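Raw input19.pdb, PDB, C-alpha atoms and all ligand atoms:
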```pdb
MODEL        1
ATOM      1  CA  VAL A 197       3.236  17.693   4.199
ATOM      2  CA  LYS A 198       0.908  15.240   2.503
ATOM      3  CA  HIS A 199       1.766  11.557   2.377
ATOM      4  CA  ILE A 200       0.030   8.459   1.071
ATOM      5  CA  MET A 201       0.630   4.846   2.097
ATOM      6  CA  ILE A 202      -0.172   2.167  -0.481
ATOM      7  CA  ASP A 203      -0.644  -1.516   0.222
ATOM      8  CA  LEU A 204      -1.582  -4.073  -2.395
ATOM      9  CA  GLU A 205      -2.903  -7.553  -2.004
ATOM     10  CA  THR A 206      -1.728  -9.839  -4.774
ATOM     11  CA  LEU A 207      -2.047 -13.414  -5.909
ATOM     12  CA  GLY A 208       1.665 -13.986  -6.226
ATOM     13  CA  VAL A 209       5.139 -12.768  -5.437
ATOM     14  CA  GLY A 210       7.489 -11.184  -7.946
ATOM     15  CA  HIS A 211       6.661  -8.339 -10.287
ATOM     16  CA  ASN A 212       4.279  -9.905 -12.789
ATOM     17  CA  VAL A 213       1.478 -10.845 -10.435
ATOM     18  CA  PRO A 214      -2.213  -9.925 -10.422
ATOM     19  CA  ILE A 215      -3.561  -7.599  -7.762
ATOM     20  CA  LEU A 216      -6.900  -8.039  -6.023
ATOM     21  CA  GLU A 217      -6.978  -5.117  -3.603
ATOM     22  CA  ILE A 218      -5.524  -1.618  -3.329
ATOM     23  CA  GLY A 219      -5.355   0.070   0.082
ATOM     24  CA  LEU A 220      -4.713   3.826   0.219
ATOM     25  CA  THR A 221      -4.126   5.807   3.406
ATOM     26  CA  MET A 222      -3.766   9.599   3.217
ATOM     27  CA  PHE A 223      -2.164  11.477   6.085
ATOM     28  CA  HIS A 224      -0.198  14.594   6.976
ATOM     29  CA  LEU A 225       3.165  14.738   8.695
ATOM     30  CA  PRO A 226       4.859  17.892   9.921
ATOM     31  CA  ALA A 227       7.747  18.985   7.691
ATOM     32  CA  ASN A 228       9.825  19.106  10.852
ATOM     33  CA  GLY A 229       9.259  18.016  14.400
ATOM     34  CA  LEU A 230       7.332  15.326  16.184
ATOM     35  CA  PRO A 231       4.317  13.765  14.459
ATOM     36  CA  PRO A 232       1.147  14.163  16.556
ATOM     37  CA  LEU A 233       0.111  11.311  18.845
ATOM     38  CA  HIS A 234      -3.169  11.027  16.977
ATOM     39  CA  LEU A 235      -2.658  11.142  13.245
ATOM     40  CA  ASN A 236      -5.642  12.107  11.114
ATOM     41  CA  MET A 237      -5.991   9.524   8.372
ATOM     42  CA  ALA A 238      -8.385   9.071   5.501
ATOM     43  CA  SER A 239      -8.343   5.761   3.763
ATOM     44  CA  LYS A 240      -9.804   3.850   0.893
ATOM     45  CA  GLN A 241     -10.124   0.205  -0.051
ATOM     46  CA  ILE A 242     -10.468  -0.696  -3.732
ATOM     47  CA  ASP A 243     -11.441  -4.271  -4.554
ATOM     48  CA  VAL A 244     -10.425  -5.253  -8.064
ATOM     49  CA  ASP A 245     -12.071  -7.815 -10.326
ATOM     50  CA  ILE A 246      -9.387 -10.493 -10.536
ATOM     51  CA  MET A 247     -10.656 -11.930 -13.838
ATOM     52  CA  ASP A 248     -10.472  -8.482 -15.448
ATOM     53  CA  VAL A 249      -6.961  -8.018 -14.019
ATOM     54  CA  MET A 250      -5.868 -11.323 -15.552
ATOM     55  CA  PHE A 251      -7.325 -10.400 -18.948
ATOM     56  CA  ARG A 252      -5.738  -6.928 -18.981
ATOM     57  CA  THR A 253      -2.318  -7.912 -17.661
ATOM     58  CA  GLY A 254      -1.839 -11.567 -18.522
ATOM     59  CA  PHE A 255      -0.588 -12.076 -14.956
ATOM     60  CA  CYS A 256      -1.677 -15.315 -13.313
ATOM     61  CA  PRO A 257      -2.261 -16.326  -9.694
ATOM     62  CA  GLN A 258       0.495 -18.448  -8.201
ATOM     63  CA  PRO A 259      -0.518 -21.708  -6.458
ATOM     64  CA  ASP A 260       1.706 -21.072  -3.421
ATOM     65  CA  THR A 261       0.102 -17.691  -2.846
ATOM     66  CA  LEU A 262      -3.404 -19.132  -3.188
ATOM     67  CA  ALA A 263      -2.484 -21.778  -0.606
ATOM     68  CA  TRP A 264      -1.141 -19.001   1.647
ATOM     69  CA  TRP A 265      -4.400 -17.038   1.302
ATOM     70  CA  ARG A 266      -6.413 -20.074   2.391
ATOM     71  CA  GLN A 267      -4.521 -20.024   5.673
ATOM     72  CA  GLN A 268      -5.298 -16.366   6.454
ATOM     73  CA  SER A 269      -8.157 -15.337   8.699
ATOM     74  CA  TYR A 270      -9.259 -12.731   6.167
ATOM     75  CA  ASP A 271     -10.862 -14.302   3.077
ATOM     76  CA  PRO A 272     -10.918 -11.927   0.067
ATOM     77  CA  SER A 273     -12.943 -14.408  -1.976
ATOM     78  CA  GLN A 274     -15.980 -13.338   0.095
ATOM     79  CA  THR A 275     -15.849  -9.876  -1.492
ATOM     80  CA  VAL A 276     -18.232  -9.798  -4.442
ATOM     81  CA  ASP A 277     -18.443  -6.062  -5.146
ATOM     82  CA  ARG A 278     -15.360  -5.618  -7.350
ATOM     83  CA  VAL A 279     -14.480  -3.070 -10.033
ATOM     84  CA  SER A 280     -12.590  -3.391 -13.294
ATOM     85  CA  LEU A 281      -8.862  -2.678 -13.330
ATOM     86  CA  SER A 282      -9.435   0.548 -15.309
ATOM     87  CA  ASP A 283     -12.004   1.747 -12.793
ATOM     88  CA  ALA A 284      -9.772   0.789  -9.867
ATOM     89  CA  LEU A 285      -6.803   2.683 -11.271
ATOM     90  CA  SER A 286      -8.904   5.660 -12.361
ATOM     91  CA  GLU A 287     -10.171   5.839  -8.805
ATOM     92  CA  THR A 288      -6.569   5.718  -7.557
ATOM     93  CA  VAL A 289      -5.697   8.601  -9.910
ATOM     94  CA  ARG A 290      -8.716  10.521  -8.639
ATOM     95  CA  VAL A 291      -7.562  10.091  -5.040
ATOM     96  CA  PHE A 292      -4.083  11.367  -5.962
ATOM     97  CA  ARG A 293      -5.487  14.377  -7.870
ATOM     98  CA  GLU A 294      -7.727  15.305  -4.979
ATOM     99  CA  PHE A 295      -5.177  14.822  -2.184
ATOM    100  CA  GLU A 296      -1.958  15.674  -4.071
ATOM    101  CA  PRO A 297       0.455  13.687  -1.890
ATOM    102  CA  GLU A 298       4.076  14.740  -1.957
ATOM    103  CA  PHE A 299       5.352  11.340  -0.799
ATOM    104  CA  VAL A 300       4.238   7.794  -1.599
ATOM    105  CA  TRP A 301       5.054   5.032   0.889
ATOM    106  CA  ALA A 302       4.995   1.268   0.518
ATOM    107  CA  ASN A 303       6.426  -1.861   2.099
ATOM    108  CA  SER A 304       8.365  -1.744  -0.136
ATOM    109  CA  PRO A 305       8.215   0.441  -3.249
ATOM    110  CA  SER A 306      10.118  -2.342  -5.051
ATOM    111  CA  PHE A 307       7.124  -4.625  -4.450
ATOM    112  CA  ASP A 308       3.835  -2.728  -4.246
ATOM    113  CA  LEU A 309       4.731   0.292  -6.360
ATOM    114  CA  VAL A 310       6.415  -1.725  -9.108
ATOM    115  CA  ILE A 311       3.466  -4.130  -9.302
ATOM    116  CA  LEU A 312       0.982  -1.264  -9.301
ATOM    117  CA  SER A 313       2.984   0.474 -12.058
ATOM    118  CA  GLN A 314       2.758  -2.682 -14.166
ATOM    119  CA  HIS A 315      -1.027  -2.583 -13.836
ATOM    120  CA  PHE A 316      -1.125   1.102 -14.838
ATOM    121  CA  ASP A 317       0.986   0.233 -17.894
ATOM    122  CA  ALA A 318      -1.342  -2.628 -18.842
ATOM    123  CA  VAL A 319      -4.353  -0.314 -19.199
ATOM    124  CA  ARG A 320      -2.262   2.626 -20.461
ATOM    125  CA  ILE A 321      -3.142   4.972 -17.629
ATOM    126  CA  PRO A 322      -0.151   7.075 -16.491
ATOM    127  CA  LYS A 323       0.637   6.380 -12.852
ATOM    128  CA  PRO A 324      -0.009   9.454 -10.720
ATOM    129  CA  TRP A 325       3.387   9.674  -9.011
ATOM    130  CA  ASN A 326       7.049   9.559 -10.002
ATOM    131  CA  PHE A 327       9.990   7.669  -8.545
ATOM    132  CA  ARG A 328      11.296  10.680  -6.620
ATOM    133  CA  GLN A 329       8.200  10.595  -4.416
ATOM    134  CA  GLU A 330       8.667   6.979  -3.308
ATOM    135  CA  LEU A 331       9.598   6.208   0.294
ATOM    136  CA  ASP A 332      10.318   2.795   1.779
ATOM    137  CA  TRP A 333       8.510   1.771   4.974
ATOM    138  CA  ARG A 334      10.691  -1.342   5.384
ATOM    139  CA  THR A 335      13.913   0.674   5.420
ATOM    140  CA  LEU A 336      12.506   2.979   8.062
ATOM    141  CA  LYS A 337      11.405  -0.049  10.091
ATOM    142  CA  TRP A 338      14.969  -1.378   9.980
ATOM    143  CA  LEU A 339      16.349   1.986  11.091
ATOM    144  CA  ALA A 340      13.822   2.360  13.905
ATOM    145  CA  LYS A 341      14.550  -1.178  15.177
ATOM    146  CA  GLN A 342      18.259  -0.354  15.147
ATOM    147  CA  HIS A 343      17.316   2.463  17.515
ATOM    148  CA  GLY A 344      15.340   0.269  19.886
ATOM    149  CA  PHE A 345      11.873   0.538  18.401
ATOM    150  CA  VAL A 346       9.661  -2.476  19.154
ATOM    151  CA  LEU A 347       6.892  -3.266  16.683
ATOM    152  CA  PRO A 348       3.389  -3.488  18.185
ATOM    153  CA  ASP A 349       1.923  -6.944  18.738
ATOM    154  CA  GLY A 350      -0.137  -8.473  15.993
ATOM    155  CA  GLY A 351       0.789  -8.586  12.344
ATOM    156  CA  PRO A 352      -1.117  -7.326   9.326
ATOM    157  CA  ASN A 353      -4.462  -8.944   8.539
ATOM    158  CA  HIS A 354      -3.873  -8.648   4.776
ATOM    159  CA  ARG A 355      -6.944  -6.627   3.949
ATOM    160  CA  ALA A 356      -5.224  -3.906   1.915
ATOM    161  CA  VAL A 357      -6.664  -0.846   3.627
ATOM    162  CA  ASP A 358      -6.249  -2.324   7.093
ATOM    163  CA  ASP A 359      -2.600  -2.896   6.256
ATOM    164  CA  SER A 360      -2.040   0.603   4.813
ATOM    165  CA  ASP A 361      -3.710   2.083   7.926
ATOM    166  CA  ARG A 362      -1.587  -0.125  10.190
ATOM    167  CA  GLN A 363       1.634   0.776   8.378
ATOM    168  CA  THR A 364       0.745   4.451   8.655
ATOM    169  CA  GLU A 365       0.078   4.136  12.383
ATOM    170  CA  ILE A 366       3.393   2.328  12.885
ATOM    171  CA  LEU A 367       5.185   4.861  10.666
ATOM    172  CA  LYS A 368       3.983   7.618  12.996
ATOM    173  CA  GLU A 369       5.156   5.633  16.033
ATOM    174  CA  MET A 370       8.550   4.980  14.451
ATOM    175  CA  LEU A 371       9.025   8.649  13.583
ATOM    176  CA  ARG A 372       8.055   9.641  17.130
ATOM    177  CA  HIS A 373      10.458   7.032  18.514
ATOM    178  CA  VAL A 374      13.409   8.203  16.401
ATOM    179  CA  ARG A 375      12.572  11.865  17.092
ATOM    180  CA  THR A 376      12.545  11.497  20.860
ATOM    181  CA  LEU A 377      15.819   9.558  21.247
TER
HETATM  182 MG    MG A 401      -1.145  -6.233   2.830
ENDMDL
END
```
For the structure just supplied, provide its representation as structure tokens.
Amino acid sequence: VKHIMIDLETLGVGHNVPILEIGLTMFHLPANGLPPLHLNMASKQIDVDIMDVMFRTGFCPQPDTLAWWRQQSYDPSQTVDRVSLSDALSETVRVFREFEPEFVWANSPSFDLVILSQHFDAVRIPKPWNFRQELDWRTLKWLAKQHGFVLPDGGPNHRAVDDSDRQTEILKEMLRHVRTL
């Protein structure tokens, strides 16, 4: 069964905030049974032109989030090769058409997938999934921890594709953990 993990990097919290990066990780999970120890993943990082995002959406960076970014080891302001919001979302649609994921994960859908939907609306491109496909990584994390799962050391580095890869890797570990209880 085909799955995709989405992580966004944004310049604010809430629903009306501009995005600057989209991370997409495509992977397969067995319909039943234990996920393999080594999951094959394909992933994609899309860096979005923040000025274009602001023009298209009207969403503005939030000072607290900018201050938070300055404290991170990863500095997205060093990335100069950015694409317009339309191109970024068209590329996202292309990835979905090619891979045809059945399920769409995020941490959580109520953050990343709502914000991404707002950006699709702003440029009038239909989003390539529907609400029935959405799955919540954070809920699974809660469940796995209830069952004794310990998260690996080291948090996300906040580069979108690194985070979507990391969440996918941990998802596999959590599923293996819950499966082998
Ligand atoms: Mg992230």
Task: Explicit residues for the PyMOL selection byres (((chain A and resi 247-256) around 7) and not hetatm) (as a ChimeraX atom specification) - done: /A:212-214,245-246,257-258,280-281,315,318-319
Write the residues of the selection above to a file with C-alpha atoms, as a PDB file, in the coordinates of the input.
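As written to disk, out-v2.pdb reads:
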```
ATOM      1  CA  ASN A 212       4.279  -9.905 -12.789  1.00  0.00           C
ATOM      2  CA  VAL A 213       1.478 -10.845 -10.435  1.00  0.00           C
ATOM      3  CA  PRO A 214      -2.213  -9.925 -10.422  1.00  0.00           C
ATOM      4  CA  ASP A 245     -12.071  -7.815 -10.326  1.00  0.00           C
ATOM      5  CA  ILE A 246      -9.387 -10.493 -10.536  1.00  0.00           C
ATOM      6  CA  PRO A 257      -2.261 -16.326  -9.694  1.00  0.00           C
ATOM      7  CA  GLN A 258       0.495 -18.448  -8.201  1.00  0.00           C
ATOM      8  CA  SER A 280     -12.590  -3.391 -13.294  1.00  0.00           C
ATOM      9  CA  LEU A 281      -8.862  -2.678 -13.330  1.00  0.00           C
ATOM     10  CA  HIS A 315      -1.027  -2.583 -13.836  1.00  0.00           C
ATOM     11  CA  ALA A 318      -1.342  -2.628 -18.842  1.00  0.00           C
ATOM     12  CA  VAL A 319      -4.353  -0.314 -19.199  1.00  0.00           C
TER      13      VAL A 319
END
```
TODO: With the file shown as input, list the residues that the PyMOL selection byres (((chain A and resi 363) around 10) and not hetatm) selects, as a ChimeraX atom specification.
DONE: /A:201-203,221,301-303,333-334,337,352,357-362,364-369
Keeping only C-alpha atoms, write the selected residues as a PDB file, in the coordinates of the input.
```pdb
ATOM      1  CA  MET A 201       0.630   4.846   2.097  1.00  0.00           C
ATOM      2  CA  ILE A 202      -0.172   2.167  -0.481  1.00  0.00           C
ATOM      3  CA  ASP A 203      -0.644  -1.516   0.222  1.00  0.00           C
ATOM      4  CA  THR A 221      -4.126   5.807   3.406  1.00  0.00           C
ATOM      5  CA  TRP A 301       5.054   5.032   0.889  1.00  0.00           C
ATOM      6  CA  ALA A 302       4.995   1.268   0.518  1.00  0.00           C
ATOM      7  CA  ASN A 303       6.426  -1.861   2.099  1.00  0.00           C
ATOM      8  CA  TRP A 333       8.510   1.771   4.974  1.00  0.00           C
ATOM      9  CA  ARG A 334      10.691  -1.342   5.384  1.00  0.00           C
ATOM     10  CA  LYS A 337      11.405  -0.049  10.091  1.00  0.00           C
ATOM     11  CA  PRO A 352      -1.117  -7.326   9.326  1.00  0.00           C
ATOM     12  CA  VAL A 357      -6.664  -0.846   3.627  1.00  0.00           C
ATOM     13  CA  ASP A 358      -6.249  -2.324   7.093  1.00  0.00           C
ATOM     14  CA  ASP A 359      -2.600  -2.896   6.256  1.00  0.00           C
ATOM     15  CA  SER A 360      -2.040   0.603   4.813  1.00  0.00           C
ATOM     16  CA  ASP A 361      -3.710   2.083   7.926  1.00  0.00           C
ATOM     17  CA  ARG A 362      -1.587  -0.125  10.190  1.00  0.00           C
ATOM     18  CA  THR A 364       0.745   4.451   8.655  1.00  0.00           C
ATOM     19  CA  GLU A 365       0.078   4.136  12.383  1.00  0.00           C
ATOM     20  CA  ILE A 366       3.393   2.328  12.885  1.00  0.00           C
ATOM     21  CA  LEU A 367       5.185   4.861  10.666  1.00  0.00           C
ATOM     22  CA  LYS A 368       3.983   7.618  12.996  1.00  0.00           C
ATOM     23  CA  GLU A 369       5.156   5.633  16.033  1.00  0.00           C
TER      24      GLU A 369
END
```
TODO: Write out as number ranges by chain each polymer residue (protein, DNA or RNA) that has an atom no more than 6 Å from ligand MG 401 (chain A), with all atoms listed in the file counted.
DONE: A: 203-205, 354-356, 359
Write the residues you've just listed into a file as a PDB file, in the frame of the given file, and include C-alpha atoms for each of them.
```
ATOM      1  CA  ASP A 203      -0.644  -1.516   0.222  1.00  0.00           C
ATOM      2  CA  LEU A 204      -1.582  -4.073  -2.395  1.00  0.00           C
ATOM      3  CA  GLU A 205      -2.903  -7.553  -2.004  1.00  0.00           C
ATOM      4  CA  HIS A 354      -3.873  -8.648   4.776  1.00  0.00           C
ATOM      5  CA  ARG A 355      -6.944  -6.627   3.949  1.00  0.00           C
ATOM      6  CA  ALA A 356      -5.224  -3.906   1.915  1.00  0.00           C
ATOM      7  CA  ASP A 359      -2.600  -2.896   6.256  1.00  0.00           C
TER       8      ASP A 359
END
```
Task: Target residues per the PyMOL selection byres (((chain A and resi 326) around 12) and not hetatm), formatted as a PyMOL selection string - done: chain A and resi 292+297-301+305+309-310+313+322-325+327-331
Task: Length of the CA of His199 in chain A to CA of Arg278 in chain A vector [Å] - done: 26.1 Å
Open item on the list: Report, in Å with one decimal, the straight-line distance from CA of Thr261 in chain A to CA of Ser273 in chain A.
Closed with: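 Going from CA of Thr261 in chain A over to CA of Ser273 in chain A, I get 13.5 Å.
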Open item on the list: If we count all atoms listed in the file and set the cut-off at 9 Å, which residues sit around Ser269 in chain A, ignoring sequence neighbours fewer than 3 positions away in its own chain? Please answer as a list of chain:residue names.
Closed with: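 Contacts, in chain order: A:Trp265, A:Arg266, A:Asn353, A:His354.
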TODO: Rank nothing, just name the residue among A:Ala238, A:Arg320, A:Met370, A:Val289 nearest to Pro348 in chain A, using only C-alpha atoms.
DONE: A:Met370
